[in-house]
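Undergrad: Dumping the structure here so I can ask a few things about it.
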Amino acid sequence: MLRTALSLAAALAVGGLSLRGQTDPATVPAERWNLYYQATSIGQYHGTFHSPYYGLLSLREYPERAVSLTTTLFLGIDLTHNIQLYFDGEIAGGRGFSGVDGLANAANGELPRVASAAPKPYIARLYLTHDFAFGDQTEAVESDANQLAGTRPADRYTIAIGRFTVTDFFDDNKYSHDPRTQFMQWGVMYNGAWDYPADVRGYTWGWMHEVHLHSWSFRYASAAEPTVANGGRFDRRIFVDRGDMFEVERRYSLVGHPGAIRILNYENRTRSGSYGEALQKAAATGTTPDVSSVRKPGTLKYGFGLNAEQEITKDLGVFVRLGWNDGKTEDFAFTAIDRLAGAGFSLTGTGWRRPKDNVGTVITFAGISAVHALYLERGGTDFLIGDGRLNYAPETAWEGYYSAGIGKGLTVSFDAQHYWNPAYNHDRGPVWAYFLRLHLEGKAWRR
């Protein structure tokens, strides 16, 4: 049975692609292929802040300036009816504050945690998609990046297999999901308590299944984990180490305005360590705790997330994210957050005659478990934080941005962020950070 399922998935596969701008199916000509592009550059700066001490993975207390750059080509090909191939080539480069260390809710979602600042090309996505119809009703899909124009079944079972980021399909949110045009903080663009499987650049190999009905969607995916925390190579022992995730989505209308609620569960098995075991080993040997010294294959980490969005008016929407994980085991692939609560709003500029502009603000509270805090207090380092000691307090972050549409496909954004207790340390901070973002996107070719 498993061999049959794997063969079917390898031959077919799908994308949980969002349906943007749905229209009458009869008015949308089907595309055989399309090619889109994007380029995003972000300049960033933070000033001095209070810092009586710092450690190996601390945010530096002196002013820092940095620039990031990504550019992507999105190619979609219709191989046969309703079987599609997507290939994205990407180049990314630049540095973040302190090597993208020192903040649990990191500031720039466009920056992967790679060692080199020089731009390098790589394959971002390479996957197949296929829909199986439940009934004859169809809906229109407009042309977009990783989305071919045409029709697809309104009620369907979708399967996807290949290389992608699982955030393409899970934890979506209309108002907070894209650091290239919306909020940039890691714990805002996605659920920061979800240690989703990915390599150092944020991508993985796996498959995704989705049942999409009129008001409900049910998703499951299984994906490869890196061999080490924040690693670039994948663990091939998928029956021992892998990431599994499940999501239920309910769409509804409230007084004529659409909304959605998504509930996420994830279970990761990785070659990772336990904070408690690292503390016990350090106590027995009289050394500083090191979670990487107690790594074991198949170590379980699990968590839950809630994601809600609600349109208030045509131009105003609000959103909420809540997250929790067990907090016992090493942070492995995303960021160092065990508890998360965040809420914000997004407003388009129609009211001041700037319909292509957008303004948003959000406040996020991040925390960690007691054993995780004790590990950091005794000098341990974890993934991207570690001040050598810790006076624990939740890391609280505010972010606000204004994005201005200038010409076709070009936006310029001004973003400000304020952090209290960076890396959960009440002894350090607060700190202000400022960003200038240039983003260009468009269609290169279609047929």
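Chain labels A, B, ... are given in the sequence in which chains occur in the structure tokens; within each chain residues are numbered consecutively from 1, and ligands are likewise numbered from 1 in the order shown.
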If you run DSSP on the backbone here, which positions in segment 83-205 of chain A get alpha helix (DSSP H)? Please write them as a compact mmCIF listing (two decimals) with C-alpha atoms, in the first residue's frame.

TA:
```txt
# COMPACT_ATOMS: atom_id res chain seq x y z
CA TRP A 186 9.80 35.92 11.88
CA GLY A 187 7.21 35.40 14.61
CA VAL A 188 4.67 37.49 12.67
CA MET A 189 5.06 36.27 9.08
```

Undergrad: Could you tell me, as a PyMOL selection string, which residues of segment 227-361 of chain A DSSP assigns to strand (DSSP E) when given the backbone?

TA: chain A and resi 242-254+257-272+296-311+316-325+339-349+354-361

Undergrad: Pick out the closest residue to His81 of chain A from this set: A:Ser369, A:Asn391, A:Asn421, A:Thr129. Count only C-alpha atoms.

TA: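 The shortest atom-to-atom distance to His81 of chain A comes from A:Thr129.
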
Undergrad: Mind checking which residues fall within 9 Å of Gly202 of chain A, counting only C-alpha atoms, ignoring those fewer than 3 positions away in the same chain, and posting them as JSON, numbers by chain?

TA: {"A": [112, 124, 164, 165, 166, 196, 197, 198, 199, 333, 334]}

Undergrad: Could you please determine the separation between atom CA of Glu309 of chain A and atom CA of Leu347 of chain A in Å, to one decimal place?

TA: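 One can read the atom CA of Glu309 of chain A to atom CA of Leu347 of chain A distance as 13.2 Å.
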
Undergrad: Residues of segment 141-249 of chain A that have any atom at most 10 Å from an atom of segment 275-298 of chain A: could you tabulate them with the shortest-distance atom pair and the distance in Å to one decimal, using only C-alpha atoms, ordered by chain and increasing number, as JSON lines?

TA:
```
{"residue": "A:Thr227", "atom": "CA", "partner": "A:Pro297", "partner_atom": "CA", "distance": 9.6}
{"residue": "A:Val228", "atom": "CA", "partner": "A:Ser292", "partner_atom": "CA", "distance": 8.9}
{"residue": "A:Ala229", "atom": "CA", "partner": "A:Ser292", "partner_atom": "CA", "distance": 8.8}
{"residue": "A:Arg237", "atom": "CA", "partner": "A:Pro297", "partner_atom": "CA", "distance": 9.4}
{"residue": "A:Ile238", "atom": "CA", "partner": "A:Gly298", "partner_atom": "CA", "distance": 9.8}
{"residue": "A:Phe239", "atom": "CA", "partner": "A:Gly298", "partner_atom": "CA", "distance": 9.0}
{"residue": "A:Val240", "atom": "CA", "partner": "A:Gly298", "partner_atom": "CA", "distance": 5.3}
{"residue": "A:Asp241", "atom": "CA", "partner": "A:Gly298", "partner_atom": "CA", "distance": 5.3}
{"residue": "A:Arg242", "atom": "CA", "partner": "A:Gly298", "partner_atom": "CA", "distance": 8.3}
```

Undergrad: Which residues are near Leu56 of chain A? Cut-off 12 Å, only C-alpha atoms, ignore same chain within fewer than 4 positions. Put them as a PyMOL selection string.

TA: chain A and resi 60+98-99+101-102+376+379-389

Undergrad: Please dump the current selection as a PDB file, in the first residue's frame; keep N, CA, C and O atoms.

TA:
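The result, stored in result.pdb:
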```pdb
ATOM      1  N   ARG A  60      24.386  42.598  19.015  1.00  0.00           N
ATOM      2  CA  ARG A  60      25.438  43.544  19.398  1.00  0.00           C
ATOM      3  C   ARG A  60      24.838  44.887  19.815  1.00  0.00           C
ATOM      4  O   ARG A  60      23.895  45.380  19.187  1.00  0.00           O
ATOM      5  N   SER A  98      23.978  41.175  13.598  1.00  0.00           N
ATOM      6  CA  SER A  98      24.777  40.245  14.396  1.00  0.00           C
ATOM      7  C   SER A  98      24.741  38.825  13.838  1.00  0.00           C
ATOM      8  O   SER A  98      24.685  37.838  14.587  1.00  0.00           O
ATOM      9  N   GLY A  99      24.764  38.709  12.492  1.00  0.00           N
ATOM     10  CA  GLY A  99      24.720  37.391  11.877  1.00  0.00           C
ATOM     11  C   GLY A  99      23.382  36.699  12.023  1.00  0.00           C
ATOM     12  O   GLY A  99      23.302  35.473  12.031  1.00  0.00           O
ATOM     13  N   ASP A 101      21.592  36.735  14.681  1.00  0.00           N
ATOM     14  CA  ASP A 101      21.554  36.201  16.041  1.00  0.00           C
ATOM     15  C   ASP A 101      21.065  37.278  17.001  1.00  0.00           C
ATOM     16  O   ASP A 101      21.081  38.467  16.694  1.00  0.00           O
ATOM     17  N   GLY A 102      20.642  36.843  18.183  1.00  0.00           N
ATOM     18  CA  GLY A 102      20.359  37.769  19.261  1.00  0.00           C
ATOM     19  C   GLY A 102      18.923  38.184  19.446  1.00  0.00           C
ATOM     20  O   GLY A 102      18.608  38.869  20.419  1.00  0.00           O
ATOM     21  N   LEU A 376      19.547  28.626  29.229  1.00  0.00           N
ATOM     22  CA  LEU A 376      20.176  29.875  28.803  1.00  0.00           C
ATOM     23  C   LEU A 376      20.776  30.629  29.992  1.00  0.00           C
ATOM     24  O   LEU A 376      21.839  31.251  29.864  1.00  0.00           O
ATOM     25  N   GLY A 379      24.272  29.658  30.814  1.00  0.00           N
ATOM     26  CA  GLY A 379      25.306  29.911  29.816  1.00  0.00           C
ATOM     27  C   GLY A 379      25.163  29.153  28.520  1.00  0.00           C
ATOM     28  O   GLY A 379      26.031  29.275  27.640  1.00  0.00           O
ATOM     29  N   GLY A 380      24.102  28.367  28.357  1.00  0.00           N
ATOM     30  CA  GLY A 380      23.922  27.636  27.111  1.00  0.00           C
ATOM     31  C   GLY A 380      23.570  28.557  25.953  1.00  0.00           C
ATOM     32  O   GLY A 380      23.057  29.660  26.147  1.00  0.00           O
ATOM     33  N   THR A 381      23.849  28.081  24.743  1.00  0.00           N
ATOM     34  CA  THR A 381      23.438  28.785  23.525  1.00  0.00           C
ATOM     35  C   THR A 381      22.452  27.911  22.768  1.00  0.00           C
ATOM     36  O   THR A 381      22.532  26.681  22.826  1.00  0.00           O
ATOM     37  N   ASP A 382      21.534  28.544  22.075  1.00  0.00           N
ATOM     38  CA  ASP A 382      20.469  27.794  21.431  1.00  0.00           C
ATOM     39  C   ASP A 382      20.127  28.402  20.076  1.00  0.00           C
ATOM     40  O   ASP A 382      19.455  29.437  20.003  1.00  0.00           O
ATOM     41  N   PHE A 383      20.603  27.771  19.023  1.00  0.00           N
ATOM     42  CA  PHE A 383      20.203  28.101  17.657  1.00  0.00           C
ATOM     43  C   PHE A 383      20.611  29.507  17.248  1.00  0.00           C
ATOM     44  O   PHE A 383      21.543  29.688  16.488  1.00  0.00           O
ATOM     45  N   LEU A 384      19.955  30.545  17.790  1.00  0.00           N
ATOM     46  CA  LEU A 384      20.306  31.912  17.414  1.00  0.00           C
ATOM     47  C   LEU A 384      20.274  32.872  18.594  1.00  0.00           C
ATOM     48  O   LEU A 384      20.344  34.086  18.391  1.00  0.00           O
ATOM     49  N   ILE A 385      20.181  32.352  19.826  1.00  0.00           N
ATOM     50  CA  ILE A 385      20.231  33.220  21.002  1.00  0.00           C
ATOM     51  C   ILE A 385      21.155  32.610  22.057  1.00  0.00           C
ATOM     52  O   ILE A 385      21.368  31.400  22.087  1.00  0.00           O
ATOM     53  N   GLY A 386      21.692  33.460  22.913  1.00  0.00           N
ATOM     54  CA  GLY A 386      22.567  33.028  23.989  1.00  0.00           C
ATOM     55  C   GLY A 386      23.448  34.170  24.445  1.00  0.00           C
ATOM     56  O   GLY A 386      24.424  34.513  23.777  1.00  0.00           O
ATOM     57  N   ASP A 387      23.073  34.800  25.578  1.00  0.00           N
ATOM     58  CA  ASP A 387      23.811  35.957  26.095  1.00  0.00           C
ATOM     59  C   ASP A 387      24.850  35.583  27.143  1.00  0.00           C
ATOM     60  O   ASP A 387      25.465  36.457  27.738  1.00  0.00           O
ATOM     61  N   GLY A 388      25.024  34.297  27.403  1.00  0.00           N
ATOM     62  CA  GLY A 388      25.966  33.863  28.436  1.00  0.00           C
ATOM     63  C   GLY A 388      25.345  33.757  29.807  1.00  0.00           C
ATOM     64  O   GLY A 388      25.816  33.019  30.659  1.00  0.00           O
ATOM     65  N   ARG A 389      24.285  34.492  30.050  1.00  0.00           N
ATOM     66  CA  ARG A 389      23.457  34.421  31.249  1.00  0.00           C
ATOM     67  C   ARG A 389      22.095  34.993  30.897  1.00  0.00           C
ATOM     68  O   ARG A 389      21.893  35.466  29.792  1.00  0.00           O
TER      69      ARG A 389
END
```

Undergrad: Using only C-alpha atoms, can you tell me which of A:Leu316, A:Leu128, A:Met245, A:Leu410 comes closest to Asn358 of chain A?

TA: A:Leu316

Undergrad: Show me, as an mmCIF file with N, CA, C and O atoms, in the first residue's frame, the residues that have an atom within 7 Å of Arg95 of chain A when counting only C-alpha atoms, minus same-chain residues fewer than 4 positions from it.

TA:
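around.cif written:
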```cif
data_model
loop_
_atom_site.group_PDB
_atom_site.id
_atom_site.type_symbol
_atom_site.label_atom_id
_atom_site.label_comp_id
_atom_site.auth_asym_id
_atom_site.auth_seq_id
_atom_site.Cartn_x
_atom_site.Cartn_y
_atom_site.Cartn_z
ATOM 1 N N ALA A 66 22.971 46.870 7.690
ATOM 2 C CA ALA A 66 23.080 45.691 6.836
ATOM 3 C C ALA A 66 22.085 45.797 5.691
ATOM 4 O O ALA A 66 21.128 46.581 5.740
ATOM 5 N N VAL A 67 22.317 44.998 4.648
ATOM 6 C CA VAL A 67 21.452 44.971 3.475
ATOM 7 C C VAL A 67 21.231 43.513 3.074
ATOM 8 O O VAL A 67 22.162 42.700 3.119
ATOM 9 N N SER A 68 20.001 43.185 2.697
ATOM 10 C CA SER A 68 19.703 41.857 2.160
ATOM 11 C C SER A 68 19.120 42.002 0.762
ATOM 12 O O SER A 68 18.542 43.037 0.409
ATOM 13 N N GLY A 99 24.764 38.709 12.492
ATOM 14 C CA GLY A 99 24.720 37.391 11.877
ATOM 15 C C GLY A 99 23.382 36.699 12.023
ATOM 16 O O GLY A 99 23.302 35.473 12.031
ATOM 17 N N ALA A 117 27.636 36.258 3.039
ATOM 18 C CA ALA A 117 26.788 37.376 2.630
ATOM 19 C C ALA A 117 26.727 37.516 1.117
ATOM 20 O O ALA A 117 25.893 38.242 0.597
#
```

Undergrad: Which residues are near Ser51 of chain A? Cut-off 8 Å, only C-alpha atoms, ignore same chain within fewer than 2 positions. Put them as a count of residues only.

TA: 7

Undergrad: Need to verify the contact set: segment 392-401 of chain A, 6 Å, only C-alpha atoms, exclusion of same-chain residues closer than 6 positions in sequence. Can you return it as a list in words?

TA: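 My reading of the contact set: Val359, Gly360, Thr361, Val362, Ile363, Thr364, Phe365, Ala366, Gly367, Phe414, Asp415, Ala416, Gln417, His418, Tyr419, Trp420, Asn421, Pro422, Tyr424, Asn425 and His426 of chain A.
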
Undergrad: With only C-alpha atoms counted and 7 Å as the cut-off, give the residues of segment 136-216 of chain A in contact with segment 32-43 of chain A, each with its shortest interatomic distance in Å and the pair that gives it, as CSV.

TA:
```
residue,atom,partner,partner_atom,distance
A:Ala145,CA,A:Tyr36,CA,5.5
A:Leu148,CA,A:Trp33,CA,6.8
A:Arg180,CA,A:Thr40,CA,6.5
```

Undergrad: Could you save those same residues with N, CA, C and O atoms as a PDB file, in the first residue's frame?

TA:
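out.pdb written:
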```pdb
ATOM      1  N   ALA A 145       2.438  34.044  -9.610  1.00  0.00           N
ATOM      2  CA  ALA A 145       3.637  33.262  -9.339  1.00  0.00           C
ATOM      3  C   ALA A 145       3.247  31.923  -8.735  1.00  0.00           C
ATOM      4  O   ALA A 145       2.454  31.857  -7.788  1.00  0.00           O
ATOM      5  N   LEU A 148      -0.897  28.763 -12.268  1.00  0.00           N
ATOM      6  CA  LEU A 148      -1.294  28.876 -13.657  1.00  0.00           C
ATOM      7  C   LEU A 148      -2.765  29.258 -13.755  1.00  0.00           C
ATOM      8  O   LEU A 148      -3.606  28.713 -13.032  1.00  0.00           O
ATOM      9  N   ARG A 180       8.048  40.040   2.050  1.00  0.00           N
ATOM     10  CA  ARG A 180       8.434  40.915   0.943  1.00  0.00           C
ATOM     11  C   ARG A 180       7.488  42.089   0.762  1.00  0.00           C
ATOM     12  O   ARG A 180       7.852  43.096   0.157  1.00  0.00           O
TER      13      ARG A 180
END
```

Undergrad: So how many Å separate atom CA of Thr138 of chain A and atom CA of His257 of chain A, to one decimal?

TA: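 Atom CA of His257 of chain A lies 22.8 Å from atom CA of Thr138 of chain A.
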
Undergrad: Could you jot down the atom CA of Arg353 of chain A to atom CA of Lys314 of chain A separation for me, Å, one decimal place?

TA: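 It comes out at 14.3 Å.
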
Undergrad: Using only C-alpha atoms, pick whichever of A:Gly192, A:Gly243, A:Gly256, A:Gly305 has the shortest atom-to-atom distance to Ala336 of chain A.

TA: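 Among the listed residues, A:Gly192 lies closest to Ala336 of chain A.
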